[in-house]
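**Student:** Got a structure for you, model11.cif, holding mmCIF, C-alpha atoms (C1' of nucleotides).
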```cif
data_structure
#
loop_
_atom_site.label_atom_id
_atom_site.label_comp_id
_atom_site.auth_asym_id
_atom_site.auth_seq_id
_atom_site.Cartn_x
_atom_site.Cartn_y
_atom_site.Cartn_z
CA MET A 1 -15.32 -22.35 -4.20
CA ALA A 2 -13.25 -25.45 -3.74
CA ARG A 3 -15.15 -28.74 -4.23
CA TYR A 4 -12.43 -31.32 -4.77
CA GLN A 5 -9.78 -32.30 -2.22
CA ALA A 6 -7.04 -30.62 -4.24
CA GLY A 7 -8.95 -27.36 -4.19
CA ILE A 8 -9.48 -27.52 -0.45
CA ARG A 9 -5.78 -28.14 0.13
CA THR A 10 -4.95 -25.15 -2.06
CA GLU A 11 -7.45 -22.98 -0.20
CA THR A 12 -5.80 -23.91 3.09
CA LYS A 13 -2.32 -23.15 1.78
CA ILE A 14 -3.46 -19.76 0.51
CA LEU A 15 -5.07 -18.84 3.82
CA GLU A 16 -1.98 -19.88 5.76
CA ALA A 17 0.27 -17.85 3.49
CA THR A 18 -2.03 -14.85 3.77
CA ARG A 19 -2.10 -15.05 7.55
CA GLU A 20 1.68 -15.26 7.79
CA LEU A 21 2.20 -12.31 5.47
CA LEU A 22 -0.36 -10.17 7.26
CA ALA A 23 1.30 -10.97 10.57
CA GLU A 24 4.75 -10.15 9.28
CA GLY A 25 4.15 -6.98 7.34
CA GLY A 26 0.53 -5.95 7.49
CA LEU A 27 -1.73 -5.28 4.55
CA ASP A 28 1.04 -3.93 2.34
CA ALA A 29 2.97 -7.18 2.53
CA ALA A 30 0.01 -9.33 1.51
CA THR A 31 0.26 -8.81 -2.24
CA LEU A 32 -1.16 -11.37 -4.61
CA LYS A 33 2.29 -12.38 -5.79
CA ALA A 34 3.60 -12.76 -2.24
CA ILE A 35 0.61 -14.86 -1.23
CA CYS A 36 0.88 -17.10 -4.29
CA ASP A 37 4.65 -17.48 -4.00
CA ARG A 38 4.44 -18.49 -0.36
CA ALA A 39 1.52 -20.82 -0.96
CA GLY A 40 3.34 -22.39 -3.92
CA VAL A 41 0.46 -21.63 -6.23
CA GLN A 42 -0.15 -19.63 -9.40
CA ALA A 43 -2.46 -16.66 -9.78
CA GLY A 44 -4.91 -18.70 -11.83
CA SER A 45 -5.35 -21.17 -8.98
CA PHE A 46 -5.90 -18.38 -6.51
CA TYR A 47 -8.71 -16.93 -8.57
CA ASN A 48 -10.22 -20.33 -9.09
CA ILE A 49 -10.95 -20.38 -5.36
CA PHE A 50 -11.24 -16.76 -4.22
CA PRO A 51 -13.13 -14.22 -6.31
CA THR A 52 -10.88 -11.47 -5.04
CA LYS A 53 -7.77 -10.91 -2.95
CA GLU A 54 -9.89 -8.98 -0.48
CA GLN A 55 -11.98 -12.09 0.18
CA ALA A 56 -8.96 -14.11 1.30
CA ILE A 57 -7.81 -11.32 3.58
CA MET A 58 -11.25 -10.89 5.11
CA GLN A 59 -11.43 -14.60 5.82
CA VAL A 60 -8.16 -14.41 7.77
CA ALA A 61 -9.40 -11.29 9.54
CA ARG A 62 -12.60 -13.07 10.57
CA ASP A 63 -10.58 -15.92 12.04
CA ALA A 64 -8.42 -13.47 13.97
CA ILE A 65 -11.44 -11.69 15.38
CA GLN A 66 -13.07 -14.92 16.51
CA ALA A 67 -9.84 -16.16 18.07
CA VAL A 68 -9.91 -13.29 20.57
CA ASP A 69 -13.05 -14.67 22.16
CA PRO A 70 -12.63 -17.55 24.56
CA ASP A 71 -15.36 -20.11 24.49
CA PRO A 72 -18.18 -17.91 23.20
CA GLU A 73 -20.72 -20.64 24.00
CA HIS A 74 -20.35 -20.29 27.77
CA SER A 75 -20.98 -16.59 27.75
CA GLY A 76 -22.53 -15.36 31.01
CA THR A 77 -20.32 -17.26 33.42
CA ASP A 78 -16.82 -15.91 32.75
CA THR A 79 -15.00 -14.01 35.46
CA LEU A 80 -12.98 -10.92 34.68
CA ASP A 81 -9.82 -12.95 35.15
CA ASP A 82 -11.04 -15.55 32.66
CA LEU A 83 -11.56 -12.88 30.02
CA VAL A 84 -8.28 -11.11 30.64
CA ASP A 85 -6.34 -14.38 30.73
CA ALA A 86 -7.92 -15.35 27.43
CA TYR A 87 -6.83 -12.07 25.90
CA ILE A 88 -3.30 -12.46 27.23
CA ARG A 89 -3.16 -15.99 25.91
CA PHE A 90 -4.43 -14.86 22.54
CA VAL A 91 -1.73 -12.21 22.25
CA THR A 92 1.14 -14.37 23.48
CA ASP A 93 0.17 -17.75 22.02
CA GLN A 94 -1.33 -16.70 18.71
CA SER A 95 0.92 -13.74 18.15
CA ASP A 96 0.46 -13.95 14.38
CA LEU A 97 -3.29 -13.59 14.58
CA ALA A 98 -2.97 -10.90 17.23
CA ARG A 99 -0.81 -8.83 14.92
CA VAL A 100 -3.26 -9.38 12.08
CA TYR A 101 -6.05 -8.27 14.35
CA LEU A 102 -4.33 -5.05 15.37
CA GLN A 103 -2.93 -4.21 11.96
CA LEU A 104 -6.23 -4.69 10.17
CA ALA A 105 -8.10 -2.75 12.83
CA VAL A 106 -5.90 0.28 12.24
CA SER A 107 -5.48 0.17 8.49
CA GLY A 108 -9.10 -0.85 8.15
CA GLY A 109 -10.00 2.67 9.16
CA SER A 110 -10.08 3.55 5.48
CA ASP A 111 -12.34 0.63 4.58
CA ALA A 112 -15.72 1.25 6.15
CA SER A 113 -16.90 -2.37 6.13
CA VAL A 114 -13.80 -3.61 7.92
CA ALA A 115 -14.05 -0.82 10.44
CA ARG A 116 -17.68 -1.67 11.16
CA ARG A 117 -16.87 -5.32 11.69
CA PHE A 118 -14.13 -4.57 14.19
CA LEU A 119 -16.27 -2.04 15.99
CA ARG A 120 -19.19 -4.43 16.40
CA HIS A 121 -16.85 -7.04 17.79
CA HIS A 122 -15.24 -4.57 20.15
CA VAL A 123 -18.59 -3.45 21.53
CA ARG A 124 -19.56 -7.04 22.23
CA ARG A 125 -16.30 -7.58 24.10
CA VAL A 126 -16.82 -4.47 26.20
CA GLU A 127 -20.29 -5.67 27.15
CA ARG A 128 -18.89 -9.03 28.13
CA PHE A 129 -16.19 -7.48 30.27
CA ALA A 130 -18.72 -5.18 31.89
CA ALA A 131 -21.09 -8.06 32.67
CA ALA A 132 -18.24 -10.01 34.26
CA MET A 133 -17.35 -7.02 36.42
CA LEU A 134 -20.93 -6.70 37.63
CA ARG A 135 -21.13 -10.39 38.44
CA GLY A 136 -17.86 -10.19 40.37
CA SER A 137 -18.92 -7.03 42.23
CA GLU A 138 -15.98 -5.21 40.69
CA ALA A 139 -18.19 -2.34 39.59
CA SER A 140 -20.88 -0.44 41.43
CA SER A 141 -23.35 0.16 38.61
CA PRO A 142 -23.94 -0.82 34.98
CA GLU A 143 -22.67 2.60 33.87
CA ASP A 144 -19.56 2.24 36.01
CA SER A 145 -18.94 -1.25 34.68
CA MET A 146 -19.19 -0.08 31.07
CA ALA A 147 -16.76 2.78 31.63
CA ARG A 148 -14.32 0.52 33.44
CA ALA A 149 -14.59 -2.15 30.77
CA GLU A 150 -14.00 0.37 28.00
CA VAL A 151 -10.89 1.72 29.71
CA LEU A 152 -9.56 -1.73 30.60
CA LEU A 153 -10.00 -3.03 27.07
CA GLY A 154 -8.48 0.17 25.74
CA ALA A 155 -5.46 -0.43 27.94
CA LEU A 156 -5.17 -4.06 26.83
CA ASP A 157 -5.40 -3.07 23.17
CA GLY A 158 -2.94 -0.23 23.68
CA LEU A 159 -0.46 -2.53 25.44
CA ALA A 160 -0.83 -5.13 22.69
CA PHE A 161 -0.21 -2.39 20.18
CA ARG A 162 2.92 -1.42 22.09
CA TRP A 163 3.99 -5.05 22.04
CA VAL A 164 3.64 -5.14 18.25
CA LEU A 165 6.26 -2.40 18.00
CA ASP A 166 8.59 -4.04 20.52
CA ARG A 167 8.40 -7.78 21.02
CA SER A 168 10.56 -7.58 24.13
CA PHE A 169 7.86 -5.55 25.90
CA ASP A 170 6.40 -7.41 28.88
CA PHE A 171 2.81 -7.47 27.70
CA THR A 172 1.60 -10.04 30.23
CA GLY A 173 2.99 -8.21 33.25
CA HIS A 174 1.55 -4.87 32.24
CA ALA A 175 -1.80 -6.41 31.33
CA ARG A 176 -2.09 -7.91 34.81
CA PHE A 177 -1.09 -4.60 36.36
CA ALA A 178 -3.86 -2.93 34.35
CA VAL A 179 -6.47 -5.36 35.70
CA ALA A 180 -5.28 -4.88 39.25
CA GLN A 181 -5.53 -1.14 38.83
CA CYS A 182 -8.97 -1.48 37.30
CA ARG A 183 -10.19 -3.35 40.38
CA ARG A 184 -9.18 -0.70 42.87
CA MET B 1 16.22 22.03 -0.89
CA ALA B 2 14.42 25.23 -1.74
CA ARG B 3 16.66 28.34 -1.94
CA TYR B 4 14.56 30.90 -3.79
CA GLN B 5 11.28 32.32 -2.53
CA ALA B 6 9.35 30.51 -5.27
CA GLY B 7 10.76 27.21 -4.09
CA ILE B 8 9.81 27.89 -0.49
CA ARG B 9 6.27 28.78 -1.51
CA THR B 10 6.04 25.53 -3.48
CA GLU B 11 7.35 23.54 -0.52
CA THR B 12 4.64 25.05 1.67
CA LYS B 13 1.92 24.30 -0.86
CA ILE B 14 3.05 20.70 -1.15
CA LEU B 15 3.12 20.19 2.63
CA GLU B 16 -0.34 21.73 2.97
CA ALA B 17 -1.73 19.51 0.23
CA THR B 18 -0.13 16.45 1.80
CA ARG B 19 -1.52 17.29 5.22
CA GLU B 20 -5.03 17.79 3.81
CA LEU B 21 -4.97 14.53 1.89
CA LEU B 22 -3.68 12.56 4.86
CA ALA B 23 -6.41 14.13 6.96
CA GLU B 24 -9.14 13.29 4.48
CA GLY B 25 -8.27 9.79 3.37
CA GLY B 26 -5.24 8.49 5.22
CA LEU B 27 -2.06 7.18 3.68
CA ASP B 28 -3.73 5.64 0.65
CA ALA B 29 -5.14 8.97 -0.46
CA ALA B 30 -1.78 10.73 -0.42
CA THR B 31 -0.54 9.63 -3.84
CA LEU B 32 2.00 11.72 -5.70
CA LYS B 33 -0.53 12.71 -8.32
CA ALA B 34 -3.12 13.71 -5.73
CA ILE B 35 -0.57 15.79 -3.83
CA CYS B 36 0.71 17.54 -6.97
CA ASP B 37 -2.80 18.18 -8.32
CA ARG B 38 -3.94 19.75 -5.09
CA ALA B 39 -0.77 21.78 -4.70
CA GLY B 40 -1.07 22.96 -8.32
CA VAL B 41 2.38 21.68 -9.13
CA GLN B 42 3.97 19.18 -11.51
CA ALA B 43 5.83 16.05 -10.47
CA GLY B 44 9.15 17.56 -11.50
CA SER B 45 8.69 20.47 -9.11
CA PHE B 46 7.86 18.09 -6.29
CA TYR B 47 11.11 16.22 -6.84
CA ASN B 48 13.06 19.42 -7.11
CA ILE B 49 12.24 19.98 -3.44
CA PHE B 50 11.64 16.56 -1.86
CA PRO B 51 13.92 13.64 -2.69
CA THR B 52 11.04 11.24 -2.15
CA LYS B 53 7.30 11.19 -1.47
CA GLU B 54 8.03 9.50 1.83
CA GLN B 55 10.03 12.54 2.95
CA ALA B 56 7.06 14.87 2.52
CA ILE B 57 4.77 12.50 4.41
CA MET B 58 7.26 12.01 7.22
CA GLN B 59 7.61 15.76 7.56
CA VAL B 60 3.86 16.07 8.07
CA ALA B 61 3.88 13.11 10.45
CA ARG B 62 6.74 14.64 12.46
CA ASP B 63 4.73 17.80 12.90
CA ALA B 64 1.80 15.73 14.16
CA ILE B 65 4.01 13.80 16.57
CA GLN B 66 5.44 16.99 18.00
CA ALA B 67 1.93 18.35 18.44
CA VAL B 68 1.34 15.64 21.06
CA ASP B 69 3.93 17.16 23.33
CA PRO B 70 2.99 20.40 25.03
CA ASP B 71 5.74 22.93 25.36
CA PRO B 72 8.72 20.57 25.10
CA GLU B 73 11.07 23.36 26.23
CA HIS B 74 9.61 23.48 29.73
CA SER B 75 9.93 19.75 30.25
CA GLY B 76 10.17 18.89 33.93
CA THR B 77 7.33 21.09 35.12
CA ASP B 78 4.27 19.54 33.46
CA THR B 79 1.59 18.02 35.62
CA LEU B 80 -0.10 14.77 34.72
CA ASP B 81 -3.20 16.73 33.75
CA ASP B 82 -1.18 18.93 31.41
CA LEU B 83 0.13 15.91 29.57
CA VAL B 84 -3.22 14.15 29.37
CA ASP B 85 -4.99 17.31 28.25
CA ALA B 86 -2.41 17.77 25.52
CA TYR B 87 -2.99 14.24 24.33
CA ILE B 88 -6.75 14.69 24.34
CA ARG B 89 -6.39 17.90 22.40
CA PHE B 90 -4.13 16.23 19.87
CA VAL B 91 -6.59 13.42 19.23
CA THR B 92 -9.69 15.59 19.06
CA ASP B 93 -8.24 18.60 17.24
CA GLN B 94 -5.94 16.81 14.81
CA SER B 95 -8.09 13.74 14.58
CA ASP B 96 -7.07 12.56 11.15
CA LEU B 97 -3.40 13.10 11.79
CA ALA B 98 -3.85 10.98 14.89
CA ARG B 99 -5.09 8.22 12.62
CA VAL B 100 -2.09 8.69 10.37
CA TYR B 101 0.08 8.45 13.45
CA LEU B 102 -1.48 5.09 14.35
CA GLN B 103 -1.33 3.85 10.77
CA LEU B 104 2.32 4.72 10.38
CA ALA B 105 3.13 3.13 13.72
CA VAL B 106 1.57 -0.18 12.76
CA SER B 107 2.58 -0.32 9.12
CA GLY B 108 6.04 0.60 10.34
CA GLY B 109 6.36 -3.08 11.14
CA SER B 110 7.61 -3.53 7.60
CA ASP B 111 10.09 -0.67 7.81
CA ALA B 112 12.27 -1.16 10.86
CA SER B 113 13.50 2.44 10.97
CA VAL B 114 9.96 3.83 11.11
CA ALA B 115 9.04 1.39 13.87
CA ARG B 116 12.10 2.46 15.86
CA ARG B 117 11.21 6.13 15.49
CA PHE B 118 7.72 5.60 16.87
CA LEU B 119 8.95 3.38 19.65
CA ARG B 120 11.52 5.93 20.74
CA HIS B 121 8.87 8.60 20.81
CA HIS B 122 6.57 6.39 22.86
CA VAL B 123 9.26 5.59 25.40
CA ARG B 124 10.01 9.29 25.84
CA ARG B 125 6.34 9.95 26.45
CA VAL B 126 6.13 7.19 29.05
CA GLU B 127 9.12 8.63 30.86
CA ARG B 128 7.58 12.06 30.84
CA PHE B 129 4.29 10.76 32.21
CA ALA B 130 6.14 8.80 34.88
CA ALA B 131 8.17 11.86 35.93
CA ALA B 132 4.99 13.94 36.20
CA MET B 133 3.41 11.27 38.39
CA LEU B 134 6.39 11.26 40.72
CA ARG B 135 6.38 15.05 40.98
CA GLY B 136 2.67 15.04 41.76
CA SER B 137 3.00 12.25 44.33
CA GLU B 138 0.71 10.11 42.19
CA ALA B 139 3.10 7.18 42.33
CA SER B 140 5.03 5.69 45.21
CA SER B 141 8.28 4.74 43.46
CA PRO B 142 10.02 5.15 40.13
CA GLU B 143 9.11 1.57 39.22
CA ASP B 144 5.48 2.13 40.17
CA SER B 145 5.37 5.35 38.15
CA MET B 146 6.76 3.65 35.05
CA ALA B 147 4.24 0.83 35.25
CA ARG B 148 1.37 3.25 35.81
CA ALA B 149 2.54 5.48 32.97
CA GLU B 150 2.82 2.56 30.59
CA VAL B 151 -0.69 1.38 31.41
CA LEU B 152 -2.17 4.88 31.27
CA LEU B 153 -0.60 5.63 27.90
CA GLY B 154 -1.67 2.20 26.71
CA ALA B 155 -5.22 3.05 27.70
CA LEU B 156 -5.07 6.45 26.00
CA ASP B 157 -3.70 4.88 22.82
CA GLY B 158 -6.29 2.13 22.98
CA LEU B 159 -9.11 4.61 23.47
CA ALA B 160 -7.82 6.74 20.59
CA PHE B 161 -7.72 3.59 18.54
CA ARG B 162 -11.33 2.92 19.51
CA TRP B 163 -12.27 6.46 18.60
CA VAL B 164 -10.67 6.04 15.17
CA LEU B 165 -13.18 3.27 14.46
CA ASP B 166 -16.13 5.22 15.82
CA ARG B 167 -16.04 9.00 15.75
CA SER B 168 -19.05 9.23 18.02
CA PHE B 169 -17.13 7.54 20.84
CA ASP B 170 -16.61 9.87 23.80
CA PHE B 171 -12.84 9.78 23.79
CA THR B 172 -12.40 12.75 26.10
CA GLY B 173 -14.71 11.40 28.79
CA HIS B 174 -13.14 7.96 28.83
CA ALA B 175 -9.63 9.41 28.77
CA ARG B 176 -10.42 11.47 31.87
CA PHE B 177 -11.94 8.43 33.54
CA ALA B 178 -8.74 6.52 32.80
CA VAL B 179 -6.62 9.20 34.49
CA ALA B 180 -8.92 9.26 37.50
CA GLN B 181 -8.64 5.50 37.80
CA CYS B 182 -4.87 5.70 37.41
CA ARG B 183 -4.67 8.09 40.35
CA ARG B 184 -6.46 5.85 42.80
"C1'" DC C 1 21.23 44.44 -18.02
"C1'" DG C 2 23.85 39.81 -17.87
"C1'" DG C 3 25.09 35.73 -16.03
"C1'" DT C 4 24.34 32.09 -12.93
"C1'" DT C 5 21.49 29.34 -10.27
"C1'" DT C 6 17.09 27.68 -9.16
"C1'" DT C 7 12.54 26.35 -10.49
"C1'" DT C 8 9.04 24.60 -13.59
"C1'" DT C 9 7.11 21.94 -17.05
"C1'" DG C 10 5.24 17.78 -18.96
"C1'" DA C 11 6.15 13.98 -21.47
"C1'" DG C 12 8.39 9.70 -20.51
"C1'" DT C 13 10.16 5.35 -17.87
"C1'" DA C 14 10.08 1.47 -15.08
"C1'" DT C 15 7.69 -1.25 -12.05
"C1'" DA C 16 4.30 -3.43 -9.20
"C1'" DC C 17 -0.15 -4.48 -8.79
"C1'" DA C 18 -4.75 -7.07 -9.15
"C1'" DC C 19 -6.81 -9.73 -12.19
"C1'" DT C 20 -7.91 -12.65 -16.83
"C1'" DC C 21 -7.76 -16.30 -20.20
"C1'" DC C 22 -7.51 -20.68 -21.77
"C1'" DA C 23 -5.19 -24.82 -22.94
"C1'" DT C 24 -3.86 -28.64 -20.18
"C1'" DT C 25 -4.07 -31.76 -16.35
"C1'" DT C 26 -6.28 -33.85 -12.48
"C1'" DT C 27 -10.14 -35.43 -9.85
"C1'" DG C 28 -13.96 -38.21 -8.45
"C1'" DG C 29 -18.27 -40.25 -9.29
"C1'" DA C 30 -21.30 -43.28 -12.41
"C1'" DT D 1 -12.97 -46.97 -17.45
"C1'" DC D 2 -14.91 -42.81 -19.05
"C1'" DC D 3 -16.35 -38.21 -18.72
"C1'" DA D 4 -17.88 -33.86 -17.02
"C1'" DA D 5 -16.44 -30.80 -13.63
"C1'" DA D 6 -12.72 -28.79 -11.13
"C1'" DA D 7 -8.04 -27.35 -10.61
"C1'" DT D 8 -3.67 -25.73 -12.48
"C1'" DG D 9 0.12 -23.29 -14.94
"C1'" DG D 10 1.73 -19.34 -16.71
"C1'" DA D 11 1.80 -15.94 -20.06
"C1'" DG D 12 -0.69 -11.74 -20.72
"C1'" DT D 13 -3.66 -7.30 -19.79
"C1'" DG D 14 -4.63 -2.92 -18.14
"C1'" DT D 15 -3.75 0.42 -14.83
"C1'" DA D 16 -1.80 3.16 -11.20
"C1'" DT D 17 2.20 4.29 -9.05
"C1'" DA D 18 6.68 6.65 -7.84
"C1'" DC D 19 10.10 8.77 -10.05
"C1'" DT D 20 13.34 10.89 -14.12
"C1'" DC D 21 15.03 14.07 -17.54
"C1'" DA D 22 16.20 17.83 -20.41
"C1'" DA D 23 14.74 21.93 -22.14
"C1'" DA D 24 12.65 26.30 -21.06
"C1'" DA D 25 11.33 29.90 -17.83
"C1'" DA D 26 11.89 32.55 -13.81
"C1'" DA D 27 14.45 34.35 -9.86
"C1'" DC D 28 18.22 36.34 -7.78
"C1'" DC D 29 22.52 39.26 -7.54
"C1'" DG D 30 26.31 42.05 -9.18
#
```
Transcribe the structure of this file into structure tokens.
**Tutor:**
Amino acid sequence: MARYQAGIRTETKILEATRELLAEGGLDAATLKAICDRAGVQAGSFYNIFPTKEQAIMQVARDAIQAVDPDPEHSGTDTLDDLVDAYIRFVTDQSDLARVYLQLAVSGGSDASVARRFLRHHVRRVERFAAAMLRGSEASSPEDSMARAEVLLGALDGLAFRWVLDRSFDFTGHARFAVAQCRR
Amino acid sequence: MARYQAGIRTETKILEATRELLAEGGLDAATLKAICDRAGVQAGSFYNIFPTKEQAIMQVARDAIQAVDPDPEHSGTDTLDDLVDAYIRFVTDQSDLARVYLQLAVSGGSDASVARRFLRHHVRRVERFAAAMLRGSEASSPEDSMARAEVLLGALDGLAFRWVLDRSFDFTGHARFAVAQCRR
DNA sequence: CGGTTTTTTGAGTATACACTCCATTTTGGA
DNA sequence: TCCAAAATGGAGTGTATACTCAAAAAACCG
């Protein structure tokens, strides 16, 4: 753990480098050497702050997961459009974190603890989308709202996934089309 | 390339071993040693047949990709249900290869040629879905059919993705719900 | 059977990886 | 200013990985 200013600066540099590398090339690209090189730091410094490479990566992953959620404090008043817009903004504005989010979610399938974390987060999001649909009379029953929310979020994730493979893909347009279709 | 019967048998054993390992533990589990051990073969024999480990894995992945498409010869006559059913069957029957498919697609971000291969395959699938929608009068125009197909496939991919994280998720039910919603 | 080609073996190589150690330098509070 | 704690540099360790090589065995074909 960093206690002096110098240590905190180093910690920040390491996390930035890790995030960039994860965004660019996924887990495989985030080797210790790559992280240290980009952060301008030696291995010894890294291990003075993080007990393990995994810890640094998980920290970045946590940030990415939290960044998906808009304003978690005001939960219970969002409209469906608020939630979808927030997701679109997350993907387009914080594209690095969005890529980290998607890449870790998939490759985390082998690591049970990562998978559990993503799943828990996903379930919470579905519930939030479903609640917003009920409030906005966009679903007829709680069951209907859950099914719709699951499919809508699936579509958003799938479209984001598509966008990762092809940056010229019009994610925003298709996302809005998906919401419109969901409402019918 | 194998020319004698013994070589062909070895090739088969290696591909089977690779498929099993990918199914059980994903990409990370398919090391050269693990493949050779399970196939009952030495490293030298492996490299007498495959130029590279990647080649063996891509061969298995190609088979999985082709399994998504039902009856490619009769293209132009499939209904939307045919295509969706085939996708559902692929995900549920060849579940672990579906995960490998997703893993390769995302980690392909580092290797541009892999990413292109997956993208090309995805685009073909979208076109096929769109054509089926037009034939079945489930879309009003070519543009509408493409947008619907992109969103529907996005949803299917997203739901498969969800299912990868949680095997108890009712992928089939939600996939059918997504198609029903797409039709409205 | 004899000769040529393919296949197999298994030790060996090179490399990349996460991580350690510790002497040295820097930091920040008393 | 002094000192204990923290941070740093950077060589070094152990290990797992993909892949090679040359000699020996087996397979094919006349």
**Student:** CA of Arg176 (chain B) and CA of Asp170 (chain A) are how many Å apart?
**Tutor:**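 If I compute the distance from CA of Arg176 (chain B) to CA of Asp170 (chain A), I get 25.5 Å.
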**Student:** Residues of chain C within 7 Å of chain B, counting only C-alpha atoms (C1' of nucleotides) - could you list those as a list in words?
**Tutor:**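 Selected residues: DT6, DT7, DT8 and DT9 of chain C.
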**Student:** Looking at all atoms listed in the file, which of B:Arg99, B:Lys33, B:His74, B:Arg120 is the one that sits closest to chain D?
**Tutor:** B:Lys33
**Student:** At a cut-off of 9 Å, can you tabulate as CSV every residue of chain D near chain B together with its closest atom pair and the distance in Å to one decimal, using all atoms listed in the file and ordering rows by chain then number?
**Tutor:**
```
residue,atom,partner,partner_atom,distance
D:DT17,C1',B:Thr31,CA,7.9
D:DA18,C1',B:Leu32,CA,7.2
D:DC19,C1',B:Tyr47,CA,8.2
D:DT20,C1',B:Gly44,CA,8.3
D:DA27,C1',B:Tyr4,CA,7.0
D:DC28,C1',B:Tyr4,CA,7.7
```
**Student:** For the structure provided, state which residues fall under the PyMOL selection byres ((chain A and resi 130) around 12), and present them as a ChimeraX atom specification.
**Tutor:** /A:76,78-80,83,123-129,131-153,182
**Student:** Just to be explicit: take each residue in the selection above, keep C-alpha atoms, and write the result as a PDB file, keeping the file's coordinate frame.
**Tutor:**
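The result, written out as selection_24.pdb:
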```pdb
ATOM      1  CA  GLY A  76     -22.530 -15.360  31.010  1.00  0.00           C
ATOM      2  CA  ASP A  78     -16.820 -15.910  32.750  1.00  0.00           C
ATOM      3  CA  THR A  79     -15.000 -14.010  35.460  1.00  0.00           C
ATOM      4  CA  LEU A  80     -12.980 -10.920  34.680  1.00  0.00           C
ATOM      5  CA  LEU A  83     -11.560 -12.880  30.020  1.00  0.00           C
ATOM      6  CA  VAL A 123     -18.590  -3.450  21.530  1.00  0.00           C
ATOM      7  CA  ARG A 124     -19.560  -7.040  22.230  1.00  0.00           C
ATOM      8  CA  ARG A 125     -16.300  -7.580  24.100  1.00  0.00           C
ATOM      9  CA  VAL A 126     -16.820  -4.470  26.200  1.00  0.00           C
ATOM     10  CA  GLU A 127     -20.290  -5.670  27.150  1.00  0.00           C
ATOM     11  CA  ARG A 128     -18.890  -9.030  28.130  1.00  0.00           C
ATOM     12  CA  PHE A 129     -16.190  -7.480  30.270  1.00  0.00           C
ATOM     13  CA  ALA A 131     -21.090  -8.060  32.670  1.00  0.00           C
ATOM     14  CA  ALA A 132     -18.240 -10.010  34.260  1.00  0.00           C
ATOM     15  CA  MET A 133     -17.350  -7.020  36.420  1.00  0.00           C
ATOM     16  CA  LEU A 134     -20.930  -6.700  37.630  1.00  0.00           C
ATOM     17  CA  ARG A 135     -21.130 -10.390  38.440  1.00  0.00           C
ATOM     18  CA  GLY A 136     -17.860 -10.190  40.370  1.00  0.00           C
ATOM     19  CA  SER A 137     -18.920  -7.030  42.230  1.00  0.00           C
ATOM     20  CA  GLU A 138     -15.980  -5.210  40.690  1.00  0.00           C
ATOM     21  CA  ALA A 139     -18.190  -2.340  39.590  1.00  0.00           C
ATOM     22  CA  SER A 140     -20.880  -0.440  41.430  1.00  0.00           C
ATOM     23  CA  SER A 141     -23.350   0.160  38.610  1.00  0.00           C
ATOM     24  CA  PRO A 142     -23.940  -0.820  34.980  1.00  0.00           C
ATOM     25  CA  GLU A 143     -22.670   2.600  33.870  1.00  0.00           C
ATOM     26  CA  ASP A 144     -19.560   2.240  36.010  1.00  0.00           C
ATOM     27  CA  SER A 145     -18.940  -1.250  34.680  1.00  0.00           C
ATOM     28  CA  MET A 146     -19.190  -0.080  31.070  1.00  0.00           C
ATOM     29  CA  ALA A 147     -16.760   2.780  31.630  1.00  0.00           C
ATOM     30  CA  ARG A 148     -14.320   0.520  33.440  1.00  0.00           C
ATOM     31  CA  ALA A 149     -14.590  -2.150  30.770  1.00  0.00           C
ATOM     32  CA  GLU A 150     -14.000   0.370  28.000  1.00  0.00           C
ATOM     33  CA  VAL A 151     -10.890   1.720  29.710  1.00  0.00           C
ATOM     34  CA  LEU A 152      -9.560  -1.730  30.600  1.00  0.00           C
ATOM     35  CA  LEU A 153     -10.000  -3.030  27.070  1.00  0.00           C
ATOM     36  CA  CYS A 182      -8.970  -1.480  37.300  1.00  0.00           C
TER      37      CYS A 182
END
```
**Student:** On this structure, which residues satisfy the PyMOL selection byres ((chain A) within 9 of (chain B)), written as a ChimeraX atom specification?
**Tutor:** /A:24-29,102-103,105-110,112,115-116,118-119,122,147-148,150-162,164-166,174-175,177-178,181-182,184
**Student:** What lies within 12 Å of DT25 (chain C) using all atoms listed in the file, ignoring chain neighbours under 3 positions off, as a VMD selection string?
**Tutor:** chain D and resid 6 to 9
**Student:** Using CA of Gln66 (chain A) and CA of Lys13 (chain A) as the two end points, give the distance in Å to one decimal.
**Tutor:**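 Computing the Euclidean distance for CA of Gln66 (chain A) and CA of Lys13 (chain A) yields 20.0 Å.
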**Student:** Given the file shown, enumerate the residues that the PyMOL selection byres ((chain D and resi 4) around 12) captures and present them as a list in words.
**Tutor:**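 Selected by the PyMOL selection byres ((chain D and resi 4) around 12) here: DT27, DG28, DG29 and DA30 of chain C; DC2, DC3, DA5 and DA6 of chain D.
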**Student:** So that I have them on file, write out the residues from the current selection with C-alpha atoms (C1' of nucleotides), as a JSON list (two decimals), in the coordinates of the input.
**Tutor:**
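Just written: part29.json:
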```
[["chain", "number", "residue", "atom", "x", "y", "z"],
["C", 27, "DT", "C1'", -10.14, -35.43, -9.85],
["C", 28, "DG", "C1'", -13.96, -38.21, -8.45],
["C", 29, "DG", "C1'", -18.27, -40.25, -9.29],
["C", 30, "DA", "C1'", -21.30, -43.28, -12.41],
["D", 2, "DC", "C1'", -14.91, -42.81, -19.05],
["D", 3, "DC", "C1'", -16.35, -38.21, -18.72],
["D", 5, "DA", "C1'", -16.44, -30.80, -13.63],
["D", 6, "DA", "C1'", -12.72, -28.79, -11.13]]
```
**Student:** Centre and edge lengths, as lines of an AutoDock Vina configuration file, for the axis-aligned box enclosing every listed atom of region 2-21 of chain C with 5 Å of padding on each of the six sides, in Å to one decimal?
**Tutor:**
```
center_x = 8.6
center_y = 11.8
center_z = -15.1
size_x = 43.0
size_y = 66.1
size_z = 22.7
```
